[in-house]
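S.K.: Structure file coords36.json (JSON, C-alpha atoms and all ligand atoms) right here:
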```json
[["chain", "number", "residue", "atom", "x", "y", "z"],
["Y", 13, "MET", "CA", 0.00, 0.00, 0.00],
["Y", 14, "MET", "CA", 1.29, 3.45, -0.89],
["Y", 15, "CYS", "CA", 1.90, 5.60, 2.17],
["Y", 16, "ASP", "CA", -0.28, 8.66, 2.57],
["Y", 17, "CYS", "CA", 0.27, 9.16, 6.30],
["Y", 18, "CYS", "CA", 1.36, 12.76, 5.97],
["Y", 19, "PRO", "CA", 0.77, 15.71, 3.67],
["Y", 20, "ARG", "CA", 3.79, 14.77, 1.58],
["Y", 21, "MET", "CA", 1.76, 11.78, 0.35],
["Y", 22, "CYS", "CA", 4.97, 10.57, -1.24],
["Y", 23, "GLY", "CA", 3.42, 7.20, -2.07],
["Y", 24, "ALA", "CA", 6.31, 5.07, -0.83],
["Y", 25, "ASP", "CA", 5.43, 1.38, -0.77],
["Y", 26, "ARG", "CA", 6.74, 0.89, 2.75],
["Y", 27, "GLU", "CA", 5.16, -2.53, 3.27],
["Y", 28, "ASN", "CA", 7.19, -3.87, 0.40],
["Y", 29, "GLY", "CA", 10.56, -2.43, 1.27],
["Y", 30, "GLY", "CA", 10.02, 1.16, 0.15],
["Y", 31, "ILE", "CA", 11.47, 4.08, 2.10],
["Y", 32, "GLY", "CA", 9.47, 7.28, 2.36],
["Y", 33, "PHE", "CA", 10.63, 10.85, 2.00],
["Y", 34, "CYS", "CA", 10.60, 10.83, 5.81],
["Y", 35, "GLY", "CA", 13.23, 8.08, 5.81],
["Y", 36, "ALA", "CA", 10.85, 5.50, 7.30],
["Y", 37, "SER", "CA", 10.33, 1.93, 6.17],
["Y", 38, "ASP", "CA", 7.64, -0.32, 7.61],
["Y", 39, "LYS", "CA", 9.80, -0.93, 10.70],
["Y", 40, "ILE", "CA", 9.67, 1.43, 13.65],
["Y", 41, "LYS", "CA", 13.01, 3.12, 14.24],
["Y", 42, "THR", "CA", 13.62, 4.85, 17.54],
["Y", 43, "ALA", "CA", 16.67, 6.45, 19.11],
["Y", 44, "ARG", "CA", 15.72, 6.84, 22.77],
["Y", 45, "ALA", "CA", 12.94, 5.96, 25.21],
["Y", 46, "ALA", "CA", 13.47, 7.52, 28.62],
["Y", 47, "LEU", "CA", 12.21, 10.01, 31.16],
["Y", 48, "HIS", "CA", 12.63, 13.55, 29.85],
["Y", 49, "PHE", "CA", 12.50, 16.64, 32.05],
["Y", 50, "TRP", "CA", 12.73, 19.48, 29.57],
["Y", 51, "GLU", "CA", 9.22, 19.73, 28.15],
["Y", 52, "GLU", "CA", 6.69, 22.27, 29.36],
["Y", 53, "PRO", "CA", 6.08, 21.91, 33.14],
["Y", 54, "CYS", "CA", 2.56, 20.53, 32.66],
["Y", 55, "ILE", "CA", 4.08, 17.72, 30.59],
["Y", 56, "SER", "CA", 7.31, 16.83, 32.37],
["Y", 57, "GLY", "CA", 6.93, 18.45, 35.79],
["Y", 58, "ASP", "CA", 8.10, 21.69, 37.31],
["Y", 59, "GLY", "CA", 11.79, 20.79, 37.56],
["Y", 60, "SER", "CA", 11.66, 20.24, 41.32],
["Y", 61, "ASP", "CA", 12.99, 17.06, 42.95],
["Y", 62, "ARG", "CA", 9.45, 15.73, 42.88],
["Y", 63, "SER", "CA", 9.18, 15.93, 39.08],
["Y", 64, "ARG", "CA", 8.76, 12.52, 37.52],
["Y", 65, "GLY", "CA", 9.33, 13.44, 33.90],
["Y", 66, "SER", "CA", 7.69, 12.63, 30.62],
["Y", 67, "GLY", "CA", 8.13, 9.14, 29.19],
["Y", 68, "THR", "CA", 9.55, 10.20, 25.88],
["Y", 69, "VAL", "CA", 10.03, 8.05, 22.80],
["Y", 70, "PHE", "CA", 12.13, 9.72, 20.10],
["Y", 71, "PHE", "CA", 11.35, 8.28, 16.67],
["Y", 72, "SER", "CA", 13.85, 8.49, 13.83],
["Y", 73, "GLY", "CA", 12.97, 10.14, 10.53],
["Y", 74, "CYS", "CA", 10.77, 13.16, 9.79],
["Y", 75, "ASN", "CA", 8.41, 14.27, 7.06],
["Y", 76, "LEU", "CA", 9.80, 17.81, 7.16],
["Y", 77, "LYS", "CA", 13.41, 18.59, 6.50],
["Y", 78, "CYS", "CA", 13.89, 21.89, 8.27],
["Y", 79, "VAL", "CA", 17.25, 23.36, 7.36],
["Y", 80, "TYR", "CA", 17.81, 24.39, 10.97],
["Y", 81, "CYS", "CA", 16.60, 21.14, 12.56],
["Y", 82, "GLN", "CA", 17.65, 20.98, 16.21],
["Y", 83, "ASN", "CA", 17.29, 17.16, 16.23],
["Y", 84, "ALA", "CA", 19.15, 16.40, 13.00],
["Y", 85, "PRO", "CA", 20.82, 13.14, 14.14],
["Y", 86, "ILE", "CA", 17.39, 11.50, 14.39],
["Y", 87, "SER", "CA", 15.28, 13.54, 11.97],
["Y", 88, "ARG", "CA", 17.63, 12.66, 9.12],
["Y", 89, "GLY", "CA", 17.11, 9.06, 10.19],
["Y", 90, "ALA", "CA", 20.69, 8.01, 10.88],
["Y", 91, "ALA", "CA", 20.47, 7.44, 14.64],
["Y", 92, "GLY", "CA", 18.18, 4.78, 16.03],
["Y", 93, "ALA", "CA", 17.41, 1.07, 16.03],
["Y", 94, "TYR", "CA", 14.52, -0.97, 14.71],
["Y", 95, "ILE", "CA", 11.87, -2.33, 17.04],
["Y", 96, "ASP", "CA", 8.53, -4.04, 16.48],
["Y", 97, "ILE", "CA", 5.07, -3.01, 17.66],
["Y", 98, "LEU", "CA", 5.19, -5.35, 20.63],
["Y", 99, "ARG", "CA", 8.43, -3.81, 21.85],
["Y", 100, "LEU", "CA", 6.97, -0.31, 21.47],
["Y", 101, "ALA", "CA", 4.02, -1.42, 23.62],
["Y", 102, "GLU", "CA", 6.44, -2.79, 26.23],
["Y", 103, "ILE", "CA", 8.42, 0.45, 26.21],
["Y", 104, "MET", "CA", 5.25, 2.39, 27.02],
["Y", 105, "LEU", "CA", 4.57, 0.13, 30.00],
["Y", 106, "GLU", "CA", 8.20, 0.37, 31.17],
["Y", 107, "LEU", "CA", 8.03, 4.17, 31.04],
["Y", 108, "GLN", "CA", 4.80, 4.10, 33.06],
["Y", 109, "ASP", "CA", 6.50, 1.82, 35.59],
["Y", 110, "SER", "CA", 9.37, 4.34, 35.81],
["Y", 111, "GLY", "CA", 6.87, 6.93, 37.03],
["Y", 112, "ALA", "CA", 6.37, 8.92, 33.81],
["Y", 113, "TYR", "CA", 3.45, 11.33, 33.79],
["Y", 114, "ASN", "CA", 2.68, 10.44, 30.20],
["Y", 115, "ILE", "CA", 3.93, 8.72, 27.05],
["Y", 116, "ASN", "CA", 5.40, 11.41, 24.83],
["Y", 117, "LEU", "CA", 5.74, 10.35, 21.19],
["Y", 118, "VAL", "CA", 8.17, 12.67, 19.43],
["Y", 119, "THR", "CA", 7.89, 12.96, 15.62],
["Y", 120, "PRO", "CA", 5.32, 10.14, 15.45],
["Y", 121, "THR", "CA", 3.59, 10.99, 12.15],
["Y", 122, "HIS", "CA", 5.19, 8.38, 9.92],
["Y", 123, "TYR", "CA", 4.52, 5.58, 12.43],
["Y", 124, "VAL", "CA", 0.97, 6.49, 13.29],
["Y", 125, "SER", "CA", -0.63, 3.14, 12.44],
["Y", 126, "GLN", "CA", 2.00, 1.16, 14.35],
["Y", 127, "ILE", "CA", 1.61, 3.57, 17.27],
["Y", 128, "ARG", "CA", -2.15, 3.01, 17.44],
["Y", 129, "SER", "CA", -1.57, -0.75, 17.54],
["Y", 130, "ALA", "CA", 1.09, -0.41, 20.24],
["Y", 131, "ILE", "CA", -1.24, 1.75, 22.35],
["Y", 132, "ASP", "CA", -3.99, -0.88, 22.06],
["Y", 133, "ILE", "CA", -1.60, -3.58, 23.27],
["Y", 134, "SER", "CA", -0.12, -1.54, 26.07],
["Y", 135, "ARG", "CA", -3.56, -0.46, 27.32],
["Y", 136, "GLU", "CA", -4.56, -4.11, 27.48],
["Y", 137, "GLY", "CA", -1.42, -4.56, 29.55],
["Y", 138, "GLY", "CA", -2.38, -1.78, 31.97],
["Y", 139, "LEU", "CA", -1.25, 1.52, 30.40],
["Y", 140, "LYS", "CA", -3.21, 4.31, 32.09],
["Y", 141, "ILE", "CA", -1.20, 7.49, 31.62],
["Y", 142, "PRO", "CA", -2.01, 10.03, 28.87],
["Y", 143, "ILE", "CA", -0.52, 9.81, 25.40],
["Y", 144, "VAL", "CA", 1.18, 12.95, 24.07],
["Y", 145, "TYR", "CA", 1.36, 13.33, 20.30],
["Y", 146, "ASN", "CA", 4.39, 15.58, 19.79],
["Y", 147, "THR", "CA", 4.43, 16.76, 16.19],
["Y", 148, "SER", "CA", 5.79, 19.32, 13.75],
["Y", 149, "GLY", "CA", 2.20, 20.31, 12.97],
["Y", 150, "TYR", "CA", 2.56, 19.24, 9.33],
["Y", 151, "GLU", "CA", -0.22, 16.67, 9.51],
["Y", 152, "ARG", "CA", -3.17, 15.48, 7.48],
["Y", 153, "PRO", "CA", -6.40, 16.29, 9.36],
["Y", 154, "GLU", "CA", -7.70, 12.76, 8.65],
["Y", 155, "ILE", "CA", -4.71, 11.31, 10.48],
["Y", 156, "ILE", "CA", -5.37, 13.53, 13.49],
["Y", 157, "GLU", "CA", -9.00, 12.34, 13.46],
["Y", 158, "SER", "CA", -7.72, 8.76, 13.51],
["Y", 159, "LEU", "CA", -6.08, 9.50, 16.85],
["Y", 160, "LYS", "CA", -9.44, 9.95, 18.59],
["Y", 161, "GLY", "CA", -9.29, 7.70, 21.65],
["Y", 162, "TYR", "CA", -5.50, 7.35, 21.28],
["Y", 163, "ALA", "CA", -3.88, 10.76, 21.76],
["Y", 164, "ASP", "CA", -4.89, 12.73, 24.85],
["Y", 165, "ILE", "CA", -2.56, 15.67, 24.44],
["Y", 166, "PHE", "CA", -1.32, 17.32, 21.27],
["Y", 167, "LEU", "CA", 2.02, 19.09, 21.65],
["Y", 168, "THR", "CA", 2.25, 20.63, 18.24],
["Y", 169, "ASP", "CA", 4.60, 23.04, 16.55],
["Y", 170, "TYR", "CA", 3.19, 25.88, 14.55],
["Y", 171, "LYS", "CA", 6.28, 26.90, 12.63],
["Y", 172, "TYR", "CA", 5.38, 29.44, 9.96],
["Y", 173, "SER", "CA", 2.91, 32.23, 9.31],
["Y", 174, "ASN", "CA", 3.33, 31.92, 5.55],
["Y", 175, "ASN", "CA", 4.17, 29.28, 3.01],
["Y", 176, "GLU", "CA", 7.10, 31.21, 1.55],
["Y", 177, "ASP", "CA", 9.01, 30.68, 4.78],
["Y", 178, "ALA", "CA", 7.77, 27.10, 4.99],
["Y", 179, "LEU", "CA", 9.12, 26.41, 1.52],
["Y", 180, "ARG", "CA", 12.42, 28.14, 2.14],
["Y", 181, "TYR", "CA", 13.13, 26.56, 5.52],
["Y", 182, "SER", "CA", 11.25, 23.22, 5.46],
["Y", 183, "GLY", "CA", 10.71, 22.45, 1.79],
["Y", 184, "VAL", "CA", 6.88, 22.45, 1.88],
["Y", 185, "GLY", "CA", 4.64, 25.01, 0.18],
["Y", 186, "ASP", "CA", 1.45, 24.05, 1.99],
["Y", 187, "TYR", "CA", 2.45, 24.07, 5.67],
["Y", 188, "VAL", "CA", -0.04, 26.71, 6.77],
["Y", 189, "GLU", "CA", -3.12, 25.01, 5.31],
["Y", 190, "TYR", "CA", -2.22, 21.66, 6.83],
["Y", 191, "ALA", "CA", -1.16, 23.06, 10.18],
["Y", 192, "ASP", "CA", -4.43, 25.02, 10.42],
["Y", 193, "ALA", "CA", -6.62, 22.05, 9.49],
["Y", 194, "ALA", "CA", -4.74, 19.68, 11.80],
["Y", 195, "LEU", "CA", -4.86, 22.12, 14.71],
["Y", 196, "SER", "CA", -8.62, 22.54, 14.44],
["Y", 197, "ARG", "CA", -9.02, 18.74, 14.78],
["Y", 198, "MET", "CA", -6.61, 18.63, 17.72],
["Y", 199, "VAL", "CA", -8.55, 21.31, 19.58],
["Y", 200, "ARG", "CA", -11.79, 19.42, 19.00],
["Y", 201, "LEU", "CA", -10.33, 16.11, 20.22],
["Y", 202, "ALA", "CA", -8.47, 17.33, 23.28],
["Y", 203, "PRO", "CA", -10.24, 19.76, 25.65],
["Y", 204, "LEU", "CA", -8.07, 21.11, 28.46],
["Y", 205, "SER", "CA", -7.84, 19.18, 31.69],
["Y", 206, "PHE", "CA", -5.23, 18.83, 34.43],
["Y", 207, "ASP", "CA", -4.75, 16.63, 37.46],
["Y", 208, "SER", "CA", -4.50, 18.06, 40.96],
["Y", 209, "ASP", "CA", -0.71, 18.50, 40.55],
["Y", 210, "GLY", "CA", -1.15, 20.64, 37.45],
["Y", 211, "ILE", "CA", -0.07, 17.89, 35.05],
["Y", 212, "MET", "CA", -1.99, 17.99, 31.78],
["Y", 213, "GLN", "CA", -4.30, 15.05, 31.16],
["Y", 214, "SER", "CA", -5.84, 16.34, 27.97],
["Y", 215, "GLY", "CA", -5.33, 19.44, 25.84],
["Y", 216, "VAL", "CA", -3.38, 21.20, 23.15],
["Y", 217, "ILE", "CA", -0.10, 23.08, 23.48],
["Y", 218, "VAL", "CA", 0.98, 25.04, 20.42],
["Y", 219, "ARG", "CA", 4.72, 25.59, 20.30],
["Y", 220, "HIS", "CA", 6.30, 28.31, 18.27],
["Y", 221, "LEU", "CA", 10.08, 28.34, 18.01],
["Y", 222, "MET", "CA", 10.85, 31.93, 17.16],
["Y", 223, "LEU", "CA", 13.36, 32.34, 14.32],
["Y", 224, "PRO", "CA", 15.80, 35.26, 14.19],
["Y", 225, "GLY", "CA", 14.40, 38.33, 12.43],
["Y", 226, "LYS", "CA", 10.89, 36.84, 12.31],
["Y", 227, "LEU", "CA", 9.09, 38.94, 14.91],
["Y", 228, "THR", "CA", 6.27, 40.02, 12.60],
["Y", 229, "GLU", "CA", 5.72, 36.46, 11.42],
["Y", 230, "ALA", "CA", 5.68, 35.17, 15.01],
["Y", 231, "LYS", "CA", 3.14, 37.83, 16.01],
["Y", 232, "ASN", "CA", 0.96, 36.85, 13.05],
["Y", 233, "ILE", "CA", 0.95, 33.24, 14.19],
["Y", 234, "LEU", "CA", -0.03, 34.10, 17.76],
["Y", 235, "LYS", "CA", -2.70, 36.50, 16.59],
["Y", 236, "ARG", "CA", -4.25, 34.02, 14.19],
["Y", 237, "ILE", "CA", -4.33, 31.12, 16.61],
["Y", 238, "PHE", "CA", -5.47, 33.20, 19.55],
["Y", 239, "THR", "CA", -8.31, 34.65, 17.47],
["Y", 240, "LEU", "CA", -9.54, 31.12, 16.79],
["Y", 241, "TYR", "CA", -8.91, 29.36, 20.09],
["Y", 242, "GLY", "CA", -8.23, 32.02, 22.74],
["Y", 243, "ASN", "CA", -7.11, 30.55, 26.04],
["Y", 244, "SER", "CA", -8.77, 27.20, 25.43],
["Y", 245, "ILE", "CA", -5.30, 25.96, 24.51],
["Y", 246, "TYR", "CA", -1.76, 26.62, 25.77],
["Y", 247, "TYR", "CA", 0.98, 28.50, 23.96],
["Y", 248, "SER", "CA", 4.65, 27.72, 24.30],
["Y", 249, "ILE", "CA", 6.72, 30.58, 22.94],
["Y", 250, "MET", "CA", 10.28, 29.45, 22.50],
["Y", 251, "SER", "CA", 13.50, 31.39, 22.06],
["Y", 252, "GLN", "CA", 15.92, 28.48, 22.12],
["Y", 253, "TYR", "CA", 16.77, 28.51, 18.41],
["Y", 254, "VAL", "CA", 20.46, 27.92, 17.76],
["Y", 255, "PRO", "CA", 22.03, 28.02, 14.30],
["Y", 256, "PRO", "CA", 23.73, 24.79, 13.25],
["Y", 257, "GLY", "CA", 27.42, 24.43, 13.98],
["Y", 258, "LYS", "CA", 29.84, 24.97, 11.09],
["Y", 259, "GLU", "CA", 30.39, 21.22, 10.73],
["Y", 260, "ASN", "CA", 26.67, 20.58, 10.08],
["Y", 261, "ILE", "CA", 25.88, 23.50, 7.86],
["Y", 262, "GLN", "CA", 24.62, 22.93, 4.32],
["Y", 263, "PRO", "CA", 26.07, 25.16, 1.54],
["Y", 264, "ASP", "CA", 22.64, 26.69, 0.80],
["Y", 265, "PHE", "CA", 21.77, 27.41, 4.46],
["Y", 266, "PRO", "CA", 19.78, 30.69, 4.68],
["Y", 267, "PRO", "CA", 22.19, 33.35, 5.95],
["Y", 268, "GLU", "CA", 19.43, 35.13, 7.89],
["Y", 269, "LEU", "CA", 19.21, 32.10, 10.23],
["Y", 270, "MET", "CA", 22.89, 32.18, 11.13],
["Y", 271, "LYS", "CA", 22.26, 33.94, 14.45],
["Y", 272, "LYS", "CA", 20.30, 33.45, 17.65],
["Y", 273, "VAL", "CA", 17.03, 35.15, 18.48],
["Y", 274, "SER", "CA", 17.84, 38.43, 20.22],
["Y", 275, "ALA", "CA", 16.56, 39.08, 23.74],
["Y", 276, "ARG", "CA", 14.91, 42.25, 22.40],
["Y", 277, "GLU", "CA", 12.85, 40.61, 19.67],
["Y", 278, "TYR", "CA", 11.82, 37.78, 21.98],
["Y", 279, "SER", "CA", 10.75, 40.20, 24.66],
["Y", 280, "LYS", "CA", 8.70, 42.15, 22.09],
["Y", 281, "LEU", "CA", 6.94, 38.93, 21.15],
["Y", 282, "ILE", "CA", 6.15, 38.14, 24.77],
["Y", 283, "ASP", "CA", 4.80, 41.67, 25.29],
["Y", 284, "TYR", "CA", 2.65, 41.21, 22.24],
["Y", 285, "ALA", "CA", 1.28, 37.88, 23.48],
["Y", 286, "ASP", "CA", 0.38, 39.56, 26.75],
["Y", 287, "ARG", "CA", -1.24, 42.51, 24.97],
["Y", 288, "ILE", "CA", -3.53, 40.39, 22.84],
["Y", 289, "GLY", "CA", -4.73, 38.48, 25.91],
["Y", 290, "ILE", "CA", -2.78, 35.23, 25.95],
["Y", 291, "THR", "CA", -2.67, 34.02, 29.53],
["Y", 292, "ASN", "CA", -1.99, 30.30, 29.06],
["Y", 293, "ALA", "CA", 1.61, 30.69, 27.98],
["Y", 294, "TYR", "CA", 4.99, 29.17, 28.66],
["Y", 295, "ILE", "CA", 7.94, 31.40, 27.95],
["Y", 296, "GLN", "CA", 11.69, 30.82, 28.18],
["Y", 297, "ASP", "CA", 14.34, 32.75, 30.04],
["Y", 298, "GLY", "CA", 17.37, 34.32, 28.42],
["Y", 299, "GLU", "CA", 19.61, 31.36, 29.14],
["Y", 300, "SER", "CA", 17.55, 28.95, 27.09],
["Y", 301, "ALA", "CA", 19.41, 29.42, 23.82],
["Y", 302, "SER", "CA", 22.63, 28.29, 25.42],
["Y", 303, "GLU", "CA", 21.15, 25.34, 27.29],
["Y", 304, "SER", "CA", 20.83, 21.93, 25.76],
["Y", 305, "PHE", "CA", 17.36, 20.40, 25.82],
["Y", 306, "ILE", "CA", 18.42, 17.70, 23.41],
["Y", 307, "PRO", "CA", 19.22, 14.38, 25.08],
["Y", 308, "PRO", "CA", 21.80, 11.94, 23.76],
["Y", 309, "PHE", "CA", 20.34, 9.64, 21.10],
["Y", 310, "ASP", "CA", 22.11, 6.67, 22.58],
["Y", 311, "LEU", "CA", 19.34, 4.04, 22.37],
["Y", 312, "GLU", "CA", 18.61, 4.30, 26.08],
["Y", 313, "GLY", "CA", 15.45, 2.31, 26.83],
["Y", 314, "VAL", "CA", 15.07, 1.04, 23.27],
["Y", 315, "PHE", "CA", 16.00, -2.58, 23.86],
["Y", 316, "ARG", "CA", 14.64, -5.03, 26.38],
["Y", 317, "ARG", "CA", 16.75, -5.16, 29.53],
["Y", 318, "CYS", "CA", 18.63, -8.44, 30.04],
["Y", 319, "ILE", "CA", 18.16, -9.68, 33.61],
["Y", 320, "ARG", "CA", 20.82, -12.13, 34.72],
["Y", 401, "LIG", "S1", 4.83, 9.53, 6.28],
["Y", 401, "LIG", "FE1", 6.77, 9.31, 5.11],
["Y", 401, "LIG", "S2", 6.36, 7.68, 3.65],
["Y", 401, "LIG", "FE2", 4.37, 8.39, 4.39],
["Y", 401, "LIG", "S3", 3.68, 9.96, 2.94],
["Y", 401, "LIG", "FE3", 4.78, 11.03, 4.58],
["Y", 401, "LIG", "S4", 6.91, 11.20, 3.86],
["Y", 401, "LIG", "FE4", 5.89, 9.62, 2.62]]
```
As C-alpha cells, what does this structure read like?
Ligand code: SF4
M.R.:
Amino acid sequence: MMCDCCPRMCGADRENGGIGFCGASDKIKTARAALHFWEEPCISGDGSDRSRGSGTVFFSGCNLKCVYCQNAPISRGAAGAYIDILRLAEIMLELQDSGAYNINLVTPTHYVSQIRSAIDISREGGLKIPIVYNTSGYERPEIIESLKGYADIFLTDYKYSNNEDALRYSGVGDYVEYADAALSRMVRLAPLSFDSDGIMQSGVIVRHLMLPGKLTEAKNILKRIFTLYGNSIYYSIMSQYVPPGKENIQPDFPPELMKKVSAREYSKLIDYADRIGITNAYIQDGESASESFIPPFDLEGVFRRCIR
C-alpha cells in the first residue's frame, strides 16, 4: 500500500521495502525511550525534585526537513534502532512503571498506524497514563482524526505564518493550510484538563520556536491562533533557536538564520502575546538558547533489559 500518512503523500510502498521521504520503512526506528525533564512543566513536571518526567520516545525520521533542525541526528534518520510493535508497547509500560506522567511520542507521524496498535496492546497490559502526540504540525487532518481515543494531548509546533518561509526553511509550500486544518481537529479532540498537581491530562499546546528576524511572522501566528482558540489551549513561545554548527551547515543554508534570536525581539513577542490576551503561555528565560534540551540519542530504553 502506498503511504499517505502525511501531507507529503509521497506514495512510498513501505510494506514492500520502500522508504518514504521521511526516511521511514515499515519498521519502527527509535533512538531513545526515557524520562525527559525538559518539556513544558505541565508535561514533564516543574523541575523540582518531585518531578517525575515525561516518558519520551524519540522516533527516527521526519516528514519535514527543516534546514535548521535541532534534532538532525534523528530527523535525518541516521540514529536509532529498529523495534517491532510489541516492543513499542512494552516500552510504554516500562516508562509508566518508571513513574512517567505520560507517554510522549516525538515525531510520530510516519509511524501512526504502528503507534495506534502499540497503544492498544499496552492499554490491554495496563497503560493508564495520557498519550502525548508531539508533532511538527505538518499533519493530514484525517490522520489527526484517527487518533481519537489514542492521543490525549497534542504538543504541536506551529512553525510558519506563511508558506514562503515554509518552503524556504522546510521544503513544503502548503504548511499553513495543513497546520491550520490539523490544529482545528486537535482542539476538537483534546479539551483542556489537568490533574491536581497541574499535570496535563488532555489538551493542546501550540509551540512556536521563534526564528531570528521573524518577529512580525511570530506575532501573526499568535494572533491568528489566539483569534480562533483564545485561552482554550496553551501557547509555548520558544527562544531556544540555535544556528547549526559549522560542521553541520549545508552550503545553501539561509544566511538570515545564522544567528540566535535576540533578547529584544523575543521580549517584544512576549509583550505582544500579553497585549492580545494570551494568559496560558509558557515562555523561556534568556539562558535557554545556550542550554541543551536535546538528550543523547544513545538508544537508552530502546531494547529489552537483560536480567541475569
Ligand atoms: S509519512 Fe513518510 S512515507 Fe508516508 S507519505 Fe509522509 S513522507 Fe511519505
S.K.: As an exercise, work out the distance from CA of Met250 in chain Y to CA of Ile295 in chain Y in Å and give it to one decimal place.
M.R.: 6.2 Å
S.K.: Which residue, Y:Met21, Y:Leu311, Y:Ile155, Y:Leu281, has the smallest gap to Lys226 in chain Y when you use only C-alpha atoms?
M.R.: Y:Leu281
S.K.: Neighbours of ligand LIG 401 (chain Y) at 10 Å or closer, counting only C-alpha atoms and all ligand atoms: which residues, as a PyMOL selection string?
M.R.: chain Y and resi 14-26+30-38+73-76+120-124+150-152
S.K.: So which residues touch Lys271 in chain Y within 9 Å, counting only C-alpha atoms, skipping near sequence neighbours fewer than 3 positions away, as a list in words?
M.R.: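 Neighbouring residues, sequence-local ones excluded: Pro224, Tyr253, Val254, Pro255, Pro267, Glu268 and Ser274 of chain Y.
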S.K.: Keeping C-alpha atoms, export the residues of the selection given above as a JSON list (two decimals), in the frame of the given file.
M.R.:
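Output file out-v5.json is given in full below:
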```
[["chain", "number", "residue", "atom", "x", "y", "z"],
["Y", 224, "PRO", "CA", 15.80, 35.26, 14.19],
["Y", 253, "TYR", "CA", 16.77, 28.51, 18.41],
["Y", 254, "VAL", "CA", 20.46, 27.92, 17.76],
["Y", 255, "PRO", "CA", 22.03, 28.02, 14.30],
["Y", 267, "PRO", "CA", 22.19, 33.35, 5.95],
["Y", 268, "GLU", "CA", 19.43, 35.13, 7.89],
["Y", 274, "SER", "CA", 17.84, 38.43, 20.22]]
```
S.K.: If we count only C-alpha atoms and set the cut-off at 10 Å, which residues sit around Pro266 in chain Y, ignoring sequence neighbours fewer than 6 positions away in its own chain? Please answer as a PyMOL selection string.
M.R.: chain Y and resi 79-80+180-181
